[in-house]
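Asker: Contents are TSV, C-alpha atoms; file name entry.tsv:
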```tsv
chain	number	residue	atom	x	y	z
A	1	MET	CA	-23.13	61.60	-21.78
A	2	ILE	CA	-25.71	64.31	-21.30
A	3	PRO	CA	-26.65	65.94	-17.97
A	4	MET	CA	-30.23	64.77	-17.43
A	5	GLN	CA	-32.19	62.59	-15.00
A	6	GLN	CA	-34.47	61.14	-17.64
A	7	VAL	CA	-34.23	60.71	-21.38
A	8	ARG	CA	-37.12	62.32	-23.25
A	9	PHE	CA	-38.28	59.57	-25.58
A	10	GLY	CA	-40.26	59.55	-28.81
A	11	ILE	CA	-41.94	56.54	-30.41
A	12	VAL	CA	-42.30	56.54	-34.18
A	13	GLY	CA	-45.02	54.07	-35.06
A	14	VAL	CA	-47.49	52.98	-32.38
A	15	GLY	CA	-48.72	49.73	-33.89
A	16	ASN	CA	-48.12	46.41	-32.13
A	17	MET	CA	-44.49	46.96	-31.06
A	18	GLY	CA	-44.63	50.72	-30.63
A	19	SER	CA	-47.67	50.52	-28.36
A	20	ALA	CA	-45.99	47.71	-26.37
A	21	HIS	CA	-42.95	49.92	-25.77
A	22	LEU	CA	-45.24	52.78	-24.77
A	23	SER	CA	-47.04	50.55	-22.27
A	24	HIS	CA	-43.76	49.39	-20.68
A	25	ILE	CA	-42.56	52.94	-20.21
A	26	LEU	CA	-45.89	54.29	-18.93
A	27	ARG	CA	-45.87	51.55	-16.29
A	28	GLY	CA	-42.48	52.75	-15.08
A	29	ASN	CA	-40.53	49.70	-16.23
A	30	VAL	CA	-37.79	51.92	-17.68
A	31	PRO	CA	-37.33	54.53	-14.91
A	32	GLU	CA	-34.85	56.72	-16.76
A	33	LEU	CA	-37.05	56.95	-19.85
A	34	LYS	CA	-40.00	59.35	-20.23
A	35	VAL	CA	-42.21	59.27	-23.32
A	36	THR	CA	-42.86	62.80	-24.46
A	37	ALA	CA	-44.12	62.26	-28.01
A	38	VAL	CA	-45.40	59.67	-30.47
A	39	ALA	CA	-45.91	59.74	-34.22
A	40	ASP	CA	-48.08	57.66	-36.51
A	41	ILE	CA	-49.73	58.21	-39.88
A	42	ASN	CA	-52.83	56.38	-38.58
A	43	PRO	CA	-54.99	58.88	-36.63
A	44	ALA	CA	-56.74	56.09	-34.70
A	45	ARG	CA	-53.45	54.71	-33.40
A	46	LEU	CA	-52.26	58.17	-32.52
A	47	LYS	CA	-55.46	58.85	-30.60
A	48	ALA	CA	-55.21	55.53	-28.73
A	49	ALA	CA	-51.59	56.18	-27.73
A	50	LYS	CA	-52.38	59.66	-26.42
A	51	ALA	CA	-55.39	58.30	-24.52
A	52	ALA	CA	-53.25	55.60	-22.87
A	53	ALA	CA	-50.70	58.18	-21.78
A	54	GLU	CA	-53.42	60.49	-20.47
A	55	LYS	CA	-54.95	57.64	-18.48
A	56	ALA	CA	-51.54	56.92	-16.93
A	57	GLY	CA	-51.23	60.56	-15.92
A	58	GLN	CA	-48.36	61.14	-18.34
A	59	PRO	CA	-49.72	63.23	-21.23
A	60	ILE	CA	-47.75	63.24	-24.45
A	61	GLU	CA	-47.77	65.06	-27.77
A	62	GLY	CA	-48.88	63.28	-30.93
A	63	PHE	CA	-47.63	63.94	-34.46
A	64	PRO	CA	-48.93	62.71	-37.84
A	65	THR	CA	-45.42	62.25	-39.24
A	66	ALA	CA	-42.00	61.22	-38.01
A	67	ALA	CA	-40.53	64.43	-39.39
A	68	ALA	CA	-42.84	66.54	-37.23
A	69	LEU	CA	-41.79	64.62	-34.13
A	70	PHE	CA	-38.08	64.94	-34.98
A	71	GLU	CA	-38.44	68.69	-35.47
A	72	SER	CA	-40.51	69.23	-32.31
A	73	GLY	CA	-37.54	69.46	-29.94
A	74	LEU	CA	-39.47	67.35	-27.43
A	75	CYS	CA	-37.20	64.32	-27.57
A	76	ASP	CA	-33.62	63.34	-26.84
A	77	ALA	CA	-33.99	59.86	-28.32
A	78	VAL	CA	-36.47	57.89	-30.43
A	79	ILE	CA	-37.36	54.34	-31.33
A	80	ILE	CA	-38.35	53.47	-34.90
A	81	ALA	CA	-41.20	50.93	-34.84
A	82	THR	CA	-42.50	51.19	-38.39
A	83	PRO	CA	-42.63	48.76	-41.36
A	84	HIS	CA	-39.24	47.37	-42.35
A	85	TYR	CA	-38.39	49.52	-45.37
A	86	ASP	CA	-38.79	52.68	-43.30
A	87	HIS	CA	-36.22	51.79	-40.66
A	88	PRO	CA	-33.02	53.04	-42.37
A	89	PRO	CA	-34.37	56.34	-43.77
A	90	LEU	CA	-36.04	57.24	-40.48
A	91	VAL	CA	-32.91	56.37	-38.49
A	92	ILE	CA	-30.86	58.59	-40.80
A	93	GLU	CA	-33.38	61.42	-40.45
A	94	ALA	CA	-33.46	61.12	-36.66
A	95	LEU	CA	-29.66	61.19	-36.44
A	96	ALA	CA	-29.66	64.30	-38.63
A	97	HIS	CA	-31.87	65.94	-35.98
A	98	ASN	CA	-29.29	65.09	-33.29
A	99	LEU	CA	-31.38	62.36	-31.72
A	100	HIS	CA	-30.18	59.08	-30.25
A	101	VAL	CA	-31.92	56.23	-32.09
A	102	ILE	CA	-32.92	52.62	-31.51
A	103	THR	CA	-34.68	50.78	-34.32
A	104	GLU	CA	-36.87	47.73	-34.26
A	105	LYS	CA	-35.68	44.64	-36.11
A	106	PRO	CA	-34.84	44.04	-38.85
A	107	ALA	CA	-32.34	46.84	-39.38
A	108	GLY	CA	-33.68	47.07	-42.92
A	109	VAL	CA	-34.66	44.98	-45.92
A	110	TYR	CA	-31.49	45.04	-48.00
A	111	THR	CA	-27.84	45.55	-47.11
A	112	LYS	CA	-27.38	48.53	-49.40
A	113	GLN	CA	-29.80	50.70	-47.40
A	114	VAL	CA	-28.60	49.32	-44.05
A	115	ARG	CA	-24.97	50.15	-44.84
A	116	GLU	CA	-26.01	53.70	-45.76
A	117	MET	CA	-27.71	53.93	-42.37
A	118	ASN	CA	-24.60	52.62	-40.62
A	119	GLU	CA	-22.43	55.16	-42.41
A	120	ALA	CA	-24.70	57.98	-41.23
A	121	ALA	CA	-24.56	56.65	-37.67
A	122	ALA	CA	-20.76	56.40	-37.79
A	123	LYS	CA	-20.55	60.10	-38.71
A	124	SER	CA	-22.92	61.09	-35.89
A	125	ASP	CA	-22.02	61.58	-32.25
A	126	LYS	CA	-25.38	60.09	-31.23
A	127	LEU	CA	-25.98	56.52	-30.10
A	128	PHE	CA	-27.54	54.02	-32.48
A	129	ALA	CA	-28.90	50.65	-31.35
A	130	VAL	CA	-31.16	47.89	-32.65
A	131	MET	CA	-33.91	46.07	-30.73
A	132	PHE	CA	-32.32	42.62	-30.67
A	133	ASN	CA	-34.04	41.84	-27.40
A	134	GLN	CA	-33.24	38.13	-27.54
A	135	ARG	CA	-29.60	38.95	-26.88
A	136	THR	CA	-30.80	39.41	-23.29
A	137	ASN	CA	-32.32	35.91	-23.23
A	138	HIS	CA	-30.47	34.02	-20.49
A	139	ILE	CA	-30.35	30.81	-22.49
A	140	TYR	CA	-28.59	32.34	-25.50
A	141	ARG	CA	-26.26	34.40	-23.37
A	142	LYS	CA	-25.27	31.13	-21.69
A	143	MET	CA	-24.66	29.45	-25.04
A	144	LYS	CA	-22.53	32.35	-26.23
A	145	GLU	CA	-20.52	32.15	-23.01
A	146	LEU	CA	-19.98	28.39	-23.46
A	147	VAL	CA	-18.96	28.68	-27.11
A	148	SER	CA	-16.66	31.65	-26.47
A	149	SER	CA	-14.94	29.80	-23.61
A	150	GLY	CA	-13.30	27.43	-26.11
A	151	ARG	CA	-13.93	24.51	-23.75
A	152	TYR	CA	-15.90	22.66	-26.41
A	153	GLY	CA	-13.37	23.26	-29.14
A	154	GLU	CA	-13.59	24.85	-32.55
A	155	ILE	CA	-17.02	24.83	-34.15
A	156	ARG	CA	-17.47	22.06	-36.72
A	157	ARG	CA	-21.19	22.20	-37.39
A	158	THR	CA	-24.21	24.29	-36.41
A	159	ASN	CA	-27.83	23.31	-36.94
A	160	TRP	CA	-30.94	25.30	-36.11
A	161	ILE	CA	-34.43	23.98	-36.75
A	162	ILE	CA	-36.72	26.86	-35.86
A	163	THR	CA	-40.14	25.99	-37.22
A	164	ASP	CA	-42.34	27.10	-34.30
A	165	TRP	CA	-43.36	30.28	-36.11
A	166	PHE	CA	-46.80	28.97	-37.14
A	167	ARG	CA	-48.96	31.65	-38.76
A	168	CYS	CA	-52.46	31.15	-40.17
A	169	GLN	CA	-53.78	32.88	-43.27
A	170	SER	CA	-55.76	35.40	-41.20
A	171	TYR	CA	-52.47	36.70	-39.79
A	172	TYR	CA	-51.23	37.51	-43.28
A	173	ASN	CA	-54.58	39.03	-44.20
A	174	SER	CA	-54.48	41.39	-41.19
A	175	GLY	CA	-52.40	44.04	-42.93
A	176	GLY	CA	-51.84	44.97	-46.55
A	177	TRP	CA	-48.10	45.35	-46.10
A	178	ARG	CA	-47.64	41.92	-44.52
A	179	ALA	CA	-45.95	39.14	-46.48
A	180	THR	CA	-45.31	41.27	-49.57
A	181	TRP	CA	-42.07	42.14	-51.31
A	182	ALA	CA	-43.11	45.81	-51.56
A	183	GLY	CA	-44.38	46.19	-48.00
A	184	GLU	CA	-42.29	43.85	-45.89
A	185	GLY	CA	-39.40	42.81	-48.12
A	186	GLY	CA	-39.87	39.12	-47.41
A	187	GLY	CA	-41.65	36.61	-45.23
A	188	VAL	CA	-40.39	34.40	-42.44
A	189	LEU	CA	-36.77	35.52	-42.87
A	190	LEU	CA	-37.61	39.23	-42.57
A	191	ASN	CA	-40.47	39.08	-40.09
A	192	GLN	CA	-40.02	36.14	-37.73
A	193	CYS	CA	-36.35	35.16	-38.03
A	194	PRO	CA	-34.23	38.34	-37.70
A	195	HIS	CA	-33.71	37.50	-34.01
A	196	ASN	CA	-32.66	33.92	-34.81
A	197	LEU	CA	-30.26	35.02	-37.55
A	198	ASP	CA	-28.75	37.64	-35.25
A	199	LEU	CA	-28.34	35.17	-32.38
A	200	TRP	CA	-26.84	32.59	-34.73
A	201	GLN	CA	-24.14	34.91	-36.05
A	202	TRP	CA	-23.64	36.51	-32.60
A	203	ILE	CA	-22.77	33.11	-31.18
A	204	CYS	CA	-21.17	31.33	-34.15
A	205	GLY	CA	-19.92	34.11	-36.42
A	206	MET	CA	-20.80	34.97	-40.01
A	207	PRO	CA	-20.84	32.27	-42.70
A	208	ALA	CA	-18.64	32.47	-45.80
A	209	LYS	CA	-20.99	30.75	-48.26
A	210	VAL	CA	-24.73	30.15	-48.43
A	211	ARG	CA	-26.93	27.80	-50.48
A	212	ALA	CA	-30.62	28.15	-49.77
A	213	PHE	CA	-34.00	26.98	-50.99
A	214	CYS	CA	-36.96	29.26	-50.30
A	215	LYS	CA	-40.54	28.24	-51.06
A	216	GLU	CA	-42.58	31.33	-51.81
A	217	GLY	CA	-46.29	31.19	-51.02
A	218	HIS	CA	-46.06	27.42	-50.80
A	219	PHE	CA	-48.35	26.89	-47.83
A	220	HIS	CA	-50.11	30.27	-47.63
A	221	GLU	CA	-51.68	32.66	-50.11
A	222	ILE	CA	-48.74	35.07	-50.03
A	223	GLU	CA	-46.02	36.19	-52.44
A	224	VAL	CA	-43.05	35.74	-50.11
A	225	GLU	CA	-41.26	32.78	-48.51
A	226	ASP	CA	-42.95	30.68	-45.85
A	227	ASP	CA	-40.52	27.74	-45.90
A	228	VAL	CA	-36.69	27.91	-45.98
A	229	THR	CA	-33.90	25.33	-45.90
A	230	ALA	CA	-30.35	26.67	-46.05
A	231	TYR	CA	-26.83	25.25	-45.96
A	232	PHE	CA	-23.87	27.33	-44.74
A	233	GLU	CA	-20.11	27.05	-44.88
A	234	TYR	CA	-17.75	28.94	-42.58
A	235	ALA	CA	-14.23	30.16	-43.19
A	236	ASN	CA	-12.77	27.47	-40.91
A	237	GLY	CA	-14.47	24.68	-42.88
A	238	ALA	CA	-17.40	24.25	-40.49
A	239	SER	CA	-20.86	23.78	-41.95
A	240	GLY	CA	-24.35	24.62	-40.82
A	241	THR	CA	-28.02	24.27	-41.64
A	242	PHE	CA	-30.91	26.60	-40.92
A	243	ILE	CA	-34.49	25.42	-41.36
A	244	THR	CA	-37.53	27.60	-40.73
A	245	CYS	CA	-41.15	27.96	-41.78
A	246	THR	CA	-44.53	29.39	-40.76
A	247	HIS	CA	-46.68	26.35	-41.61
A	248	ASP	CA	-45.69	23.85	-38.91
A	249	ALA	CA	-48.43	23.90	-36.26
A	250	LEU	CA	-46.41	21.49	-34.07
A	251	GLY	CA	-43.15	23.41	-34.53
A	252	THR	CA	-39.59	22.62	-33.42
A	253	ASP	CA	-36.96	24.85	-31.85
A	254	ARG	CA	-33.60	23.08	-31.56
A	255	LEU	CA	-30.17	24.66	-31.90
A	256	GLU	CA	-27.06	22.47	-31.89
A	257	ILE	CA	-23.47	23.65	-31.93
A	258	HIS	CA	-20.99	20.85	-32.43
A	259	GLY	CA	-17.39	21.53	-31.50
A	260	ASP	CA	-14.45	19.13	-31.79
A	261	ASN	CA	-14.54	18.70	-28.02
A	262	GLY	CA	-18.26	18.48	-27.35
A	263	LYS	CA	-21.76	19.62	-28.23
A	264	ILE	CA	-24.14	22.27	-26.88
A	265	ILE	CA	-27.87	21.86	-27.51
A	266	ILE	CA	-30.72	24.27	-26.81
A	267	THR	CA	-34.29	23.00	-27.04
A	268	ASP	CA	-37.39	25.20	-27.03
A	269	SER	CA	-35.22	28.22	-26.15
A	270	LYS	CA	-35.15	27.22	-22.49
A	271	THR	CA	-33.15	24.03	-21.86
A	272	VAL	CA	-29.40	23.67	-22.39
A	273	THR	CA	-27.78	20.26	-22.69
A	274	VAL	CA	-23.99	20.19	-22.71
A	275	LYS	CA	-22.09	17.07	-23.78
A	276	LYS	CA	-18.35	17.35	-23.10
A	277	LEU	CA	-16.10	14.71	-24.67
A	278	ASN	CA	-13.53	13.25	-22.29
A	279	LYS	CA	-11.07	13.23	-25.18
A	280	PRO	CA	-11.17	15.53	-28.23
A	281	GLU	CA	-12.48	14.00	-31.45
A	282	GLU	CA	-9.09	14.26	-33.12
A	283	VAL	CA	-7.57	12.15	-30.33
A	284	LEU	CA	-10.33	9.55	-30.57
A	285	ASN	CA	-9.94	9.51	-34.33
A	286	ARG	CA	-6.20	8.98	-34.09
A	287	GLU	CA	-6.00	6.49	-31.22
A	288	LEU	CA	-8.99	4.15	-31.53
A	289	ASP	CA	-9.69	1.36	-33.98
A	290	PHE	CA	-13.25	0.59	-35.07
A	291	ARG	CA	-13.96	-2.06	-32.42
A	292	GLN	CA	-12.64	0.14	-29.62
A	293	MET	CA	-14.73	3.06	-30.82
A	294	LEU	CA	-17.85	0.91	-31.07
A	295	ALA	CA	-17.35	-0.47	-27.57
A	296	LEU	CA	-16.76	3.03	-26.17
A	297	VAL	CA	-19.89	4.42	-27.80
A	298	LYS	CA	-21.97	1.51	-26.46
A	299	GLY	CA	-20.53	1.96	-22.97
A	300	GLN	CA	-18.92	-1.49	-22.94
A	301	THR	CA	-15.44	-0.41	-21.84
A	302	GLY	CA	-16.20	1.03	-18.43
A	303	GLU	CA	-14.90	4.34	-19.74
A	304	LYS	CA	-17.27	7.21	-20.51
A	305	LEU	CA	-17.17	8.84	-23.90
A	306	TYR	CA	-18.54	12.10	-22.51
A	307	THR	CA	-20.05	13.81	-19.52
A	308	GLU	CA	-23.48	15.38	-19.80
A	309	GLU	CA	-25.15	18.22	-17.98
A	310	SER	CA	-28.57	19.75	-18.54
A	311	PHE	CA	-30.07	22.83	-16.97
A	312	GLU	CA	-32.75	25.42	-17.57
A	313	CYS	CA	-32.22	29.15	-17.50
A	314	PRO	CA	-34.89	31.38	-15.99
A	315	GLU	CA	-37.23	32.70	-18.65
A	316	ASN	CA	-37.32	36.45	-19.19
A	317	TRP	CA	-39.53	36.88	-22.25
A	318	ASP	CA	-41.59	39.66	-20.63
A	319	GLN	CA	-38.44	41.50	-19.57
A	320	GLN	CA	-36.35	41.36	-22.75
A	321	HIS	CA	-37.59	44.50	-24.54
A	322	ILE	CA	-37.51	46.36	-21.24
A	323	ASP	CA	-33.90	45.31	-20.63
A	324	VAL	CA	-32.81	46.60	-24.05
A	325	LEU	CA	-34.51	49.94	-23.41
A	326	ILE	CA	-32.90	50.15	-19.97
A	327	ASN	CA	-29.53	49.41	-21.57
A	328	PHE	CA	-30.10	51.99	-24.32
A	329	THR	CA	-31.00	54.62	-21.72
A	330	GLY	CA	-28.02	53.65	-19.57
A	331	ALA	CA	-25.75	54.07	-22.57
A	332	ILE	CA	-27.07	57.61	-23.11
A	333	LEU	CA	-26.96	58.70	-19.48
A	334	HIS	CA	-24.08	56.70	-18.05
A	335	GLY	CA	-21.96	55.55	-20.98
A	336	GLU	CA	-22.90	51.87	-20.62
A	337	GLU	CA	-21.94	49.48	-23.43
A	338	LEU	CA	-24.80	48.74	-25.82
A	339	ILE	CA	-26.13	45.18	-25.88
A	340	ALA	CA	-26.93	45.47	-29.58
A	341	PRO	CA	-25.09	48.29	-31.37
A	342	GLY	CA	-26.99	49.41	-34.45
A	343	ALA	CA	-24.05	48.72	-36.75
A	344	GLU	CA	-24.43	44.99	-36.06
A	345	GLY	CA	-27.96	44.91	-37.49
A	346	VAL	CA	-26.60	44.53	-41.01
A	347	LYS	CA	-25.34	41.01	-40.25
A	348	ALA	CA	-28.76	39.36	-39.92
A	349	VAL	CA	-29.98	41.30	-42.97
A	350	GLU	CA	-26.97	40.11	-44.97
A	351	ILE	CA	-27.58	36.46	-44.09
A	352	ALA	CA	-31.24	36.77	-45.12
A	353	ASN	CA	-30.27	38.56	-48.35
A	354	ALA	CA	-27.78	35.81	-49.13
A	355	MET	CA	-30.44	33.13	-48.65
A	356	PHE	CA	-32.87	34.95	-50.93
A	357	LEU	CA	-30.24	35.57	-53.60
A	358	SER	CA	-29.01	31.97	-53.51
A	359	ASP	CA	-32.53	30.70	-54.12
A	360	TRP	CA	-33.26	33.24	-56.84
A	361	LEU	CA	-30.00	32.51	-58.68
A	362	GLY	CA	-30.09	28.77	-58.06
A	363	ARG	CA	-26.52	28.62	-56.80
A	364	THR	CA	-24.21	29.12	-53.83
A	365	VAL	CA	-23.65	32.75	-52.84
A	366	GLU	CA	-20.45	33.99	-51.24
A	367	MET	CA	-20.35	36.52	-48.43
A	368	PRO	CA	-20.38	39.47	-48.25
A	369	VAL	CA	-23.45	39.44	-50.42
A	370	ASP	CA	-23.57	41.49	-53.64
A	371	GLY	CA	-25.84	44.28	-52.41
A	372	ASP	CA	-26.49	45.79	-55.85
A	373	LEU	CA	-27.42	42.44	-57.38
A	374	PHE	CA	-29.72	41.62	-54.49
A	375	TYR	CA	-31.48	44.97	-54.77
A	376	GLU	CA	-31.94	44.45	-58.53
A	377	LYS	CA	-33.52	41.03	-58.02
A	378	LEU	CA	-35.68	42.30	-55.16
A	379	GLN	CA	-37.07	45.06	-57.37
A	380	GLU	CA	-37.95	42.50	-60.02
A	381	ARG	CA	-40.14	40.75	-57.46
A	382	VAL	CA	-41.69	44.00	-56.27
A	383	LYS	CA	-42.63	44.93	-59.85
A	384	LYS	CA	-44.03	41.46	-60.57
A	385	GLU	CA	-46.06	41.59	-57.37
A	386	GLN	CA	-47.50	44.96	-58.35
A	387	GLY	CA	-48.39	43.75	-61.84
A	388	GLU	CA	-45.68	45.68	-63.66
A	389	HIS	CA	-43.82	44.22	-66.61
```
Would you mind writing the file out in structure tokens?

Answerer:
Amino acid sequence: MIPMQQVRFGIVGVGNMGSAHLSHILRGNVPELKVTAVADINPARLKAAKAAAEKAGQPIEGFPTAAALFESGLCDAVIIATPHYDHPPLVIEALAHNLHVITEKPAGVYTKQVREMNEAAAKSDKLFAVMFNQRTNHIYRKMKELVSSGRYGEIRRTNWIITDWFRCQSYYNSGGWRATWAGEGGGVLLNQCPHNLDLWQWICGMPAKVRAFCKEGHFHEIEVEDDVTAYFEYANGASGTFITCTHDALGTDRLEIHGDNGKIIITDSKTVTVKKLNKPEEVLNRELDFRQMLALVKGQTGEKLYTEESFECPENWDQQHIDVLINFTGAILHGEELIAPGAEGVKAVEIANAMFLSDWLGRTVEMPVDGDLFYEKLQERVKKEQGEH
């Protein structure tokens, strides 16, 4: 801990997310955080950020590069809110300047660079976190609590259909780095789904094997994936499916976790339905014949197969990023436990890398993913995209 009343905060990258963080802090939503500097290579964005701070009566310094901000001595901590590839090198550079760091998702594009970042953080005495704001979502915290309780038994199957990420072509045309292998490192898995992949592994654990099918530029004029269907296997024999896309205007968001003693279902990220078996599946399997099972399922025996409860958790979408920043600041000033330690960011990246590699190789990929092989195949796509042979 450091003896200060407020953490002097720098924002590297004041595009969509960086400017949102700036706005939250200028409005006093994170009382122990004070923005003192921002950096962006785009002069217009830099000017707009400084103007917003001036209007709020909280003038800040602006820098054309991250390096200049790091070297300024104006900050105790920074957030990295730049394009994906830049996250690991900028985190490493910030740590080298003795700054606490939080990075936007994803932690990086490929596991090799993310692990290098984690190694640098492990050697530093500064805090390192990742902006997995959906870990503060009440609904997913409730699901994690239910799964961890063991009341619903060992996980047998997980299924997540998360197709409510509809994006039109104009979205992809809004920035040259969007939806490219060279600029973004992927499509829906690297841009929209890092939160989902993190929540999935946070609640259910990491898979052992992955077989995925990724359609690249199938429904949009882009080079990267906009439709993904993946099958997972876990070390305990459980299986799972993950389906996502950016072309479904009607979209679905449904997460099911099936344990041997019940099922937990989240729909639209706001409603939880819990079905608790009155007897574990292994008992039903052992004790009942077919006619008894059929009668029980149809409710013809007078005995209930399960009890059901549904409830909604209060939504906190507007508060999530704020809560992570409050937690990050509390960790610096008061030694609070981080909601999303930076070292855990590699897990979502590894799952995404495994899905890509499985599709590219046309086979099942075992975890941990072969980082060197993934990087090699990624570079092949970057070169093809850029017209190199």

Asker: Go through A:Arg27, A:Ala66, A:Ala39, A:Leu90 one by one, measure the shortest atom-to-atom distance of each to Ala53 (chain A) using only C-alpha atoms, and give the residue with the smallest value.

Answerer: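 Closest candidate: A:Arg27.
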
Asker: Around region 339-358 of chain A, with edges along x, y and z and 4 Å added on all six sides, what centre and edge lengths do you get, in Å to one decimal, as JSON?

Answerer:
```
{"center_x": -28.5, "center_y": 40.7, "center_z": -39.7, "size_x": 16.8, "size_y": 25.4, "size_z": 35.7}
```

Asker: Determine, counting all atoms listed in the file, which protein, DNA and RNA residues have an atom within 12 Å of an atom of His218 (chain A); residues of the same chain fewer than 2 positions away are not included. Present the result as a PyMOL selection string.

Answerer: chain A and resi 187+214-216+220-228+245-247

Asker: Please measure the separation of CA of Val35 (chain A) and CA of Leu127 (chain A), giving the value in Å to one decimal.

Answerer: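 CA of Leu127 (chain A) lies at a distance of 17.8 Å from CA of Val35 (chain A).
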
Asker: Go ahead and compute the interatomic distance for CA of Arg286 (chain A) and CA of Gly150 (chain A), in Å to one decimal.

Answerer: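 Taking CA of Arg286 (chain A) and CA of Gly150 (chain A), their separation equals 21.3 Å.
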
Asker: Looking at A:Ile41, A:Ile80, A:Ala51, A:Ala238, which one is nearest to Gly18 (chain A), with distances taken over all atoms listed in the file?

Answerer: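 Smallest distance to Gly18 (chain A) is found for A:Ile80.
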
Asker: Within 7 Å of Glu312 (chain A), counting only C-alpha atoms, which residues qualify if same-chain residues fewer than 3 places away don't, as a list in words?

Answerer: Lys270, Thr271 and Val272 of chain A

Asker: Between A:Gly342, A:Phe219, A:Leu277, A:Val324, which one has atoms that come closest to His87 (chain A), using all atoms listed in the file?

Answerer: A:Gly342

Asker: What does the structure give for the distance between CA of Gly259 (chain A) and CA of Glu282 (chain A), in Å to one decimal?

Answerer: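 A separation of 11.2 Å between them.
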
Asker: Just want the 9 Å neighbourhood of Gly183 (chain A), counted on all atoms listed in the file, with same-chain residues fewer than 2 positions away dropped. Output as a PDB file with C-alpha atoms, in the coordinates of the input.

Answerer:
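Saved file around_37.pdb follows:
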```pdb
ATOM      1  CA  PRO A  83     -42.630  48.760 -41.360  1.00  0.00           C
ATOM      2  CA  HIS A  84     -39.240  47.370 -42.350  1.00  0.00           C
ATOM      3  CA  TYR A  85     -38.390  49.520 -45.370  1.00  0.00           C
ATOM      4  CA  GLY A 176     -51.840  44.970 -46.550  1.00  0.00           C
ATOM      5  CA  TRP A 177     -48.100  45.350 -46.100  1.00  0.00           C
ATOM      6  CA  ARG A 178     -47.640  41.920 -44.520  1.00  0.00           C
ATOM      7  CA  ALA A 179     -45.950  39.140 -46.480  1.00  0.00           C
ATOM      8  CA  THR A 180     -45.310  41.270 -49.570  1.00  0.00           C
ATOM      9  CA  TRP A 181     -42.070  42.140 -51.310  1.00  0.00           C
ATOM     10  CA  GLY A 185     -39.400  42.810 -48.120  1.00  0.00           C
ATOM     11  CA  GLY A 186     -39.870  39.120 -47.410  1.00  0.00           C
ATOM     12  CA  VAL A 382     -41.690  44.000 -56.270  1.00  0.00           C
TER      13      VAL A 382
END
```

Asker: Nearest to Glu344 (chain A) among A:Gln300, A:Thr103, A:Thr252, A:Asn191, with distances taken over only C-alpha atoms: which residue is it?

Answerer: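 Looking only at the distances to Glu344 (chain A), the closest residue turns out to be A:Thr103.
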
Asker: Hey, what's within 7 Å of Glu366 (chain A) if we count only C-alpha atoms and toss same-chain stuff fewer than 2 positions away? As a list in words, please?

Answerer: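 Within the cut-off, the hits are Ala208, Lys209, Val210, Thr364, Pro368 and Val369 of chain A.
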
Asker: Nearest residue to Lys377 (chain A) out of A:Tyr234, A:Arg135, A:Leu255, A:Tyr110, using all atoms listed in the file?

Answerer: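 Distance minimum relative to Lys377 (chain A) lands on A:Tyr110.
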
Asker: Would you mind telling me which residue in A:Ala212, A:Val274, A:Val14, A:Ala122 lies nearest to Thr307 (chain A) when using only C-alpha atoms?

Answerer: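 Among the listed residues, the smallest separation from Thr307 (chain A) belongs to A:Val274.
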
Asker: In the coordinate frame of the file, compute which residues have an atom within 12 Å of (-22.9, 31.4, -34.6) when using all atoms listed in the file, and state them as a PyMOL selection string.

Answerer: chain A and resi 140+143-148+154-160+196-207+232-234+238-242+255-259+347-348+351

Asker: Output C-alpha atoms of each residue in that selection to a file, as a compact mmCIF listing (two decimals), in the coordinates of the input.

Answerer:
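again03.txt, written as the output of this step:
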```txt
# COMPACT_ATOMS: atom_id res chain seq x y z
CA TYR A 140 -28.59 32.34 -25.50
CA MET A 143 -24.66 29.45 -25.04
CA LYS A 144 -22.53 32.35 -26.23
CA GLU A 145 -20.52 32.15 -23.01
CA LEU A 146 -19.98 28.39 -23.46
CA VAL A 147 -18.96 28.68 -27.11
CA SER A 148 -16.66 31.65 -26.47
CA GLU A 154 -13.59 24.85 -32.55
CA ILE A 155 -17.02 24.83 -34.15
CA ARG A 156 -17.47 22.06 -36.72
CA ARG A 157 -21.19 22.20 -37.39
CA THR A 158 -24.21 24.29 -36.41
CA ASN A 159 -27.83 23.31 -36.94
CA TRP A 160 -30.94 25.30 -36.11
CA ASN A 196 -32.66 33.92 -34.81
CA LEU A 197 -30.26 35.02 -37.55
CA ASP A 198 -28.75 37.64 -35.25
CA LEU A 199 -28.34 35.17 -32.38
CA TRP A 200 -26.84 32.59 -34.73
CA GLN A 201 -24.14 34.91 -36.05
CA TRP A 202 -23.64 36.51 -32.60
CA ILE A 203 -22.77 33.11 -31.18
CA CYS A 204 -21.17 31.33 -34.15
CA GLY A 205 -19.92 34.11 -36.42
CA MET A 206 -20.80 34.97 -40.01
CA PRO A 207 -20.84 32.27 -42.70
CA PHE A 232 -23.87 27.33 -44.74
CA GLU A 233 -20.11 27.05 -44.88
CA TYR A 234 -17.75 28.94 -42.58
CA ALA A 238 -17.40 24.25 -40.49
CA SER A 239 -20.86 23.78 -41.95
CA GLY A 240 -24.35 24.62 -40.82
CA THR A 241 -28.02 24.27 -41.64
CA PHE A 242 -30.91 26.60 -40.92
CA LEU A 255 -30.17 24.66 -31.90
CA GLU A 256 -27.06 22.47 -31.89
CA ILE A 257 -23.47 23.65 -31.93
CA HIS A 258 -20.99 20.85 -32.43
CA GLY A 259 -17.39 21.53 -31.50
CA LYS A 347 -25.34 41.01 -40.25
CA ALA A 348 -28.76 39.36 -39.92
CA ILE A 351 -27.58 36.46 -44.09
```

Asker: Mind checking which residues fall within 12 Å of Ser124 (chain A), counting all atoms listed in the file, ignoring those fewer than 3 positions away in the same chain, and posting them as number ranges by chain?

Answerer: A: 91-101, 117-121, 127-128
